[in-house]
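Here the structure is laid out as structure tokens; the discussion comes afterwards.
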Amino acid sequence: MILLILYKIALAAPAWVMPIIMVATGGHDGGGEEHAGAHDEHSGPPHLPNLIALLFGPDSFANHWVNVIFAFAVGIFLSAVAARVYAKRQMIPGKLQNAVEMMVEGMYNFIESILGKEARRYIPYLGSLFFYILLMNWIGMVPLGHSPSTSLNITASLALITFFYAQWTGISRLGIGGYLHHMAGSPEDVISWCMVPLLFPLHVIGELAKPFSLALRLFGNITGEDTLVAVFVGLGVAILAFSPVGVPLQLPFYFLGLLLSTIQALVFTLLSSIYILLMLPHEEHAH
């Protein structure tokens with residue numbers, strides 16, 4: 001109940017709606033340069049108020065680390081659930097263990113359809129990656145929550161981890177010589193060896209482009225989703241300025257956001273699986 005009241009208060013006057021109200025009421029005279037400087041300092045896509053900003057203020061030091069705080073919170077939550085299920089595992093599972101086992105089995109079947117018999121080796125990383133990104137996307141839909149996926153630093157970090165993991169997979173499974181041979185396009189005859197000076201730089205550029213693609217795709221889609229919800233929340237509040245809630249215009253977009261968040265987590269995991277698959281020895285690709 002307390003969180004609901006706080007959420008209503010937070011939605012009553014989001015910071016990014018204030019410039020509209022100031023212009024509409026003619027309250028933009030005097031101190032215009034100061035207001036413009038503050039606007040430039042906090043420029044960016046609109047977001048709903050989050051718990052950190054509500055507790056410490058939008059200009060606080062903690063709010064500058066809001067993405068890291070929520071990312072850590074998601075990781076701690078997943079670790080706590082996994083530790084609890086493992087510590088209290090039973091032959092006849094309870095509701096929580098049964099739900100976790102169903103999700104893990106579904107993710108394993110998905111990864112197995114891509115990597116085949118290699119799925120067991122890589123499911124710990126890929127499965128953790130999927131559920132971590134999924135919850136980071138979803139937490140932005142929770143009242144007073146914030147999605148760390150709207151930070152390019154967070155998505156780029158995940159993309160770089162996947163990039164280095166895929167490269168290490170190639171080096172460890174193929175060896176240095178096999179890895180370089182793979183990057184050269186796996187030449188086998190004279191013509192293909194002659195193409196190595198062209199193919200090798202292209203392969204290197206292609207590998208370096210993968211983390212950029214992963215990071216920007218996740219960042220752009222989740223930022224757009226959260227911005228859309230925030231804009232319609234602001235419109236709903238502006239319609240009924242004296243109501244603590246306003247008109248819930250954003251409600252249909254919550255369902256769209258949940259679907260889009262799931263798809264983006266799945267796409268990130270799918271592409272990561274394919275990048276790992278491409279680094280495996282060729283005879284292991286067939287399954």
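Residue numbering restarts at 1 for every chain of the structure tokens, chains are lettered A, B, ... in their displayed order, and ligands are numbered from 1 as they appear.
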For region 213-273 of chain A versus region 108-111 of chain A, which residues have an atom no more than 12 Å away, and what is each residue's nearest atom pair and distance in Å rounded to one decimal, using only C-alpha atoms, chain-then-number order, as a tab-separated table?
residue	atom	partner	partner_atom	distance
A:Leu266	CA	A:Phe110	CA	9.9
A:Val267	CA	A:Phe110	CA	11.9
A:Thr269	CA	A:Ile111	CA	8.9
A:Leu270	CA	A:Ile111	CA	8.0
A:Leu271	CA	A:Ile111	CA	10.9
A:Ser272	CA	A:Ile111	CA	10.3
A:Ser273	CA	A:Ile111	CA	7.2
For region 133-135 of chain A, find every residue with an atom within 12 Å (counting only C-alpha atoms), except residues of its own chain fewer than 3 positions away, and show them as an MDAnalysis selection string. chainID A and resid 70:78 126:130 138:142 145:150 154:155 157:159 215 218:219 222 257:269
Those residues with N, CA and C atoms, as a short mmCIF file (atom, residue, chain, number, x, y, z; two decimals), in the first residue's frame please?
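Saved to again.cif:
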data_model
loop_
_atom_site.label_atom_id
_atom_site.label_comp_id
_atom_site.auth_asym_id
_atom_site.auth_seq_id
_atom_site.Cartn_x
_atom_site.Cartn_y
_atom_site.Cartn_z
N PHE A 70 20.19 -1.20 -10.01
CA PHE A 70 19.13 -2.13 -10.40
C PHE A 70 19.70 -3.38 -11.07
N ALA A 71 20.80 -3.24 -11.79
CA ALA A 71 21.44 -4.42 -12.40
C ALA A 71 21.94 -5.36 -11.31
N PHE A 72 22.55 -4.80 -10.26
CA PHE A 72 22.99 -5.62 -9.14
C PHE A 72 21.80 -6.24 -8.41
N ALA A 73 20.72 -5.48 -8.28
CA ALA A 73 19.54 -5.99 -7.60
C ALA A 73 18.96 -7.20 -8.33
N VAL A 74 18.92 -7.13 -9.66
CA VAL A 74 18.44 -8.26 -10.45
C VAL A 74 19.35 -9.47 -10.28
N GLY A 75 20.67 -9.24 -10.32
CA GLY A 75 21.61 -10.34 -10.14
C GLY A 75 21.50 -10.98 -8.77
N ILE A 76 21.34 -10.15 -7.73
CA ILE A 76 21.20 -10.69 -6.37
C ILE A 76 19.90 -11.48 -6.24
N PHE A 77 18.83 -10.98 -6.86
CA PHE A 77 17.55 -11.70 -6.80
C PHE A 77 17.66 -13.07 -7.47
N LEU A 78 18.25 -13.13 -8.66
CA LEU A 78 18.40 -14.41 -9.35
C LEU A 78 19.29 -15.36 -8.55
N LEU A 126 24.57 -19.19 -21.18
CA LEU A 126 23.49 -18.70 -22.04
C LEU A 126 22.16 -18.63 -21.28
N GLY A 127 21.89 -19.61 -20.44
CA GLY A 127 20.66 -19.57 -19.64
C GLY A 127 20.66 -18.41 -18.66
N SER A 128 21.79 -18.22 -17.98
CA SER A 128 21.89 -17.09 -17.05
C SER A 128 21.76 -15.77 -17.79
N LEU A 129 22.33 -15.70 -18.97
CA LEU A 129 22.26 -14.48 -19.77
C LEU A 129 20.81 -14.14 -20.12
N PHE A 130 20.05 -15.16 -20.53
CA PHE A 130 18.65 -14.91 -20.91
C PHE A 130 17.83 -14.41 -19.74
N TRP A 138 12.21 -6.44 -17.69
CA TRP A 138 10.90 -6.43 -17.04
C TRP A 138 10.83 -5.47 -15.86
N ILE A 139 11.95 -5.29 -15.15
CA ILE A 139 11.90 -4.48 -13.93
C ILE A 139 11.56 -3.03 -14.24
N GLY A 140 11.76 -2.61 -15.47
CA GLY A 140 11.35 -1.27 -15.86
C GLY A 140 9.85 -1.11 -15.95
N MET A 141 9.10 -2.23 -16.01
CA MET A 141 7.65 -2.18 -16.06
C MET A 141 7.02 -2.20 -14.68
N VAL A 142 7.83 -2.42 -13.65
CA VAL A 142 7.34 -2.48 -12.28
C VAL A 142 7.26 -1.06 -11.72
N GLY A 145 10.28 0.96 -10.54
CA GLY A 145 11.43 0.21 -11.05
C GLY A 145 12.13 0.98 -12.17
N HIS A 146 13.23 0.42 -12.62
CA HIS A 146 13.99 1.04 -13.70
C HIS A 146 14.74 -0.06 -14.44
N SER A 147 14.69 -0.03 -15.75
CA SER A 147 15.35 -1.06 -16.56
C SER A 147 16.80 -0.68 -16.83
N PRO A 148 17.77 -1.44 -16.33
CA PRO A 148 19.17 -1.16 -16.64
C PRO A 148 19.50 -1.31 -18.12
N SER A 149 18.64 -2.00 -18.86
CA SER A 149 18.88 -2.19 -20.29
C SER A 149 18.74 -0.89 -21.07
N THR A 150 18.22 0.16 -20.44
CA THR A 150 18.16 1.46 -21.10
C THR A 150 19.48 2.20 -21.02
N ILE A 154 25.43 -0.78 -19.77
CA ILE A 154 25.03 -2.12 -19.33
C ILE A 154 24.95 -3.08 -20.51
N THR A 155 24.27 -2.68 -21.58
CA THR A 155 24.13 -3.57 -22.73
C THR A 155 25.48 -3.82 -23.41
N SER A 157 28.36 -3.87 -21.89
CA SER A 157 29.10 -4.79 -21.02
C SER A 157 28.70 -6.23 -21.28
N LEU A 158 27.39 -6.48 -21.40
CA LEU A 158 26.92 -7.83 -21.69
C LEU A 158 27.39 -8.29 -23.06
N ALA A 159 27.36 -7.38 -24.03
CA ALA A 159 27.80 -7.73 -25.38
C ALA A 159 29.29 -8.05 -25.41
N ALA A 215 24.70 -4.83 -28.43
CA ALA A 215 24.50 -3.75 -27.46
C ALA A 215 23.46 -2.75 -27.95
N LEU A 218 19.64 -4.17 -28.17
CA LEU A 218 18.97 -4.27 -26.87
C LEU A 218 18.71 -2.89 -26.28
N PHE A 219 19.72 -2.03 -26.33
CA PHE A 219 19.58 -0.68 -25.78
C PHE A 219 18.48 0.10 -26.49
N ILE A 222 14.70 -1.44 -25.81
CA ILE A 222 14.19 -1.27 -24.45
C ILE A 222 14.04 0.21 -24.11
N GLY A 257 5.13 -4.01 -24.04
CA GLY A 257 6.47 -3.96 -23.46
C GLY A 257 6.92 -5.30 -22.92
N LEU A 258 6.02 -6.04 -22.27
CA LEU A 258 6.37 -7.36 -21.75
C LEU A 258 6.76 -8.30 -22.90
N LEU A 259 6.00 -8.24 -23.99
CA LEU A 259 6.31 -9.08 -25.15
C LEU A 259 7.62 -8.67 -25.78
N LEU A 260 7.83 -7.37 -25.98
CA LEU A 260 9.06 -6.89 -26.60
C LEU A 260 10.27 -7.20 -25.74
N SER A 261 10.13 -7.06 -24.42
CA SER A 261 11.24 -7.35 -23.51
C SER A 261 11.65 -8.82 -23.60
N THR A 262 10.65 -9.70 -23.67
CA THR A 262 10.95 -11.13 -23.78
C THR A 262 11.63 -11.44 -25.11
N ILE A 263 11.13 -10.85 -26.18
CA ILE A 263 11.71 -11.10 -27.50
C ILE A 263 13.15 -10.61 -27.55
N GLN A 264 13.43 -9.45 -26.98
CA GLN A 264 14.80 -8.92 -27.02
C GLN A 264 15.76 -9.77 -26.21
N ALA A 265 15.31 -10.28 -25.06
CA ALA A 265 16.16 -11.18 -24.28
C ALA A 265 16.43 -12.46 -25.06
N LEU A 266 15.39 -12.96 -25.75
CA LEU A 266 15.54 -14.18 -26.54
C LEU A 266 16.46 -13.96 -27.73
N VAL A 267 16.34 -12.81 -28.39
CA VAL A 267 17.18 -12.51 -29.55
C VAL A 267 18.65 -12.39 -29.12
N PHE A 268 18.90 -11.70 -28.01
CA PHE A 268 20.27 -11.56 -27.51
C PHE A 268 20.87 -12.93 -27.23
N THR A 269 20.10 -13.80 -26.58
CA THR A 269 20.60 -15.14 -26.26
C THR A 269 20.77 -15.98 -27.52
#
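In this comparison, which uses only C-alpha atoms, the residue of A:Leu216, A:Cys194, A:Leu256, A:Ala82 approaching Asn153 (chain A) most closely is A:Leu216.
Rounded to one decimal, CA of Ala53 (chain A) and CA of Ala80 (chain A) lie 25.3 Å from each other.
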Might you pull out every residue within 8 Å of region 162-175 of chain A, with only C-alpha atoms counted and same-chain residues fewer than 5 positions away left off, and present them as a PDB file with N, CA and C atoms, in the first residue's frame?
ATOM      1  N   GLU A 207      33.659  -9.847 -36.628  1.00  0.00           N
ATOM      2  CA  GLU A 207      33.665 -10.222 -35.208  1.00  0.00           C
ATOM      3  C   GLU A 207      33.551  -8.992 -34.328  1.00  0.00           C
ATOM      4  N   LYS A 210      29.966  -7.569 -34.011  1.00  0.00           N
ATOM      5  CA  LYS A 210      28.953  -8.333 -33.274  1.00  0.00           C
ATOM      6  C   LYS A 210      28.583  -7.711 -31.940  1.00  0.00           C
ATOM      7  N   PRO A 211      29.545  -7.329 -31.086  1.00  0.00           N
ATOM      8  CA  PRO A 211      29.130  -6.717 -29.815  1.00  0.00           C
ATOM      9  C   PRO A 211      28.409  -5.389 -30.003  1.00  0.00           C
ATOM     10  N   SER A 272      23.886 -14.850 -29.316  1.00  0.00           N
ATOM     11  CA  SER A 272      25.053 -15.292 -28.553  1.00  0.00           C
ATOM     12  C   SER A 272      25.319 -16.773 -28.784  1.00  0.00           C
ATOM     13  N   TYR A 275      26.860 -17.162 -32.232  1.00  0.00           N
ATOM     14  CA  TYR A 275      28.255 -16.729 -32.246  1.00  0.00           C
ATOM     15  C   TYR A 275      29.161 -17.808 -31.656  1.00  0.00           C
ATOM     16  N   ILE A 276      28.687 -18.465 -30.603  1.00  0.00           N
ATOM     17  CA  ILE A 276      29.461 -19.563 -30.009  1.00  0.00           C
ATOM     18  C   ILE A 276      29.501 -20.749 -30.969  1.00  0.00           C
ATOM     19  N   MET A 279      32.092 -20.679 -33.622  1.00  0.00           N
ATOM     20  CA  MET A 279      33.463 -20.869 -33.159  1.00  0.00           C
ATOM     21  C   MET A 279      33.799 -22.322 -32.862  1.00  0.00           C
ATOM     22  N   LEU A 280      32.812 -23.203 -32.885  1.00  0.00           N
ATOM     23  CA  LEU A 280      33.067 -24.611 -32.594  1.00  0.00           C
ATOM     24  C   LEU A 280      33.695 -25.287 -33.790  1.00  0.00           C
ATOM     25  N   PRO A 281      34.428 -26.382 -33.571  1.00  0.00           N
ATOM     26  CA  PRO A 281      34.983 -27.145 -34.706  1.00  0.00           C
ATOM     27  C   PRO A 281      33.890 -27.539 -35.682  1.00  0.00           C
TER      28      PRO A 281
END
Separation of CA of Leu198 (chain A) and CA of Met183 (chain A), in Å?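 According to the coordinates, CA of Leu198 (chain A) and CA of Met183 (chain A) are separated by 11.1 Å.
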Just checking: using only C-alpha atoms, which residue out of A:Pro143, A:Glu112, A:Phe232, A:Val237 ends up closest to Leu249 (chain A)?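 Among the listed residues, the smallest separation from Leu249 (chain A) belongs to A:Phe232.
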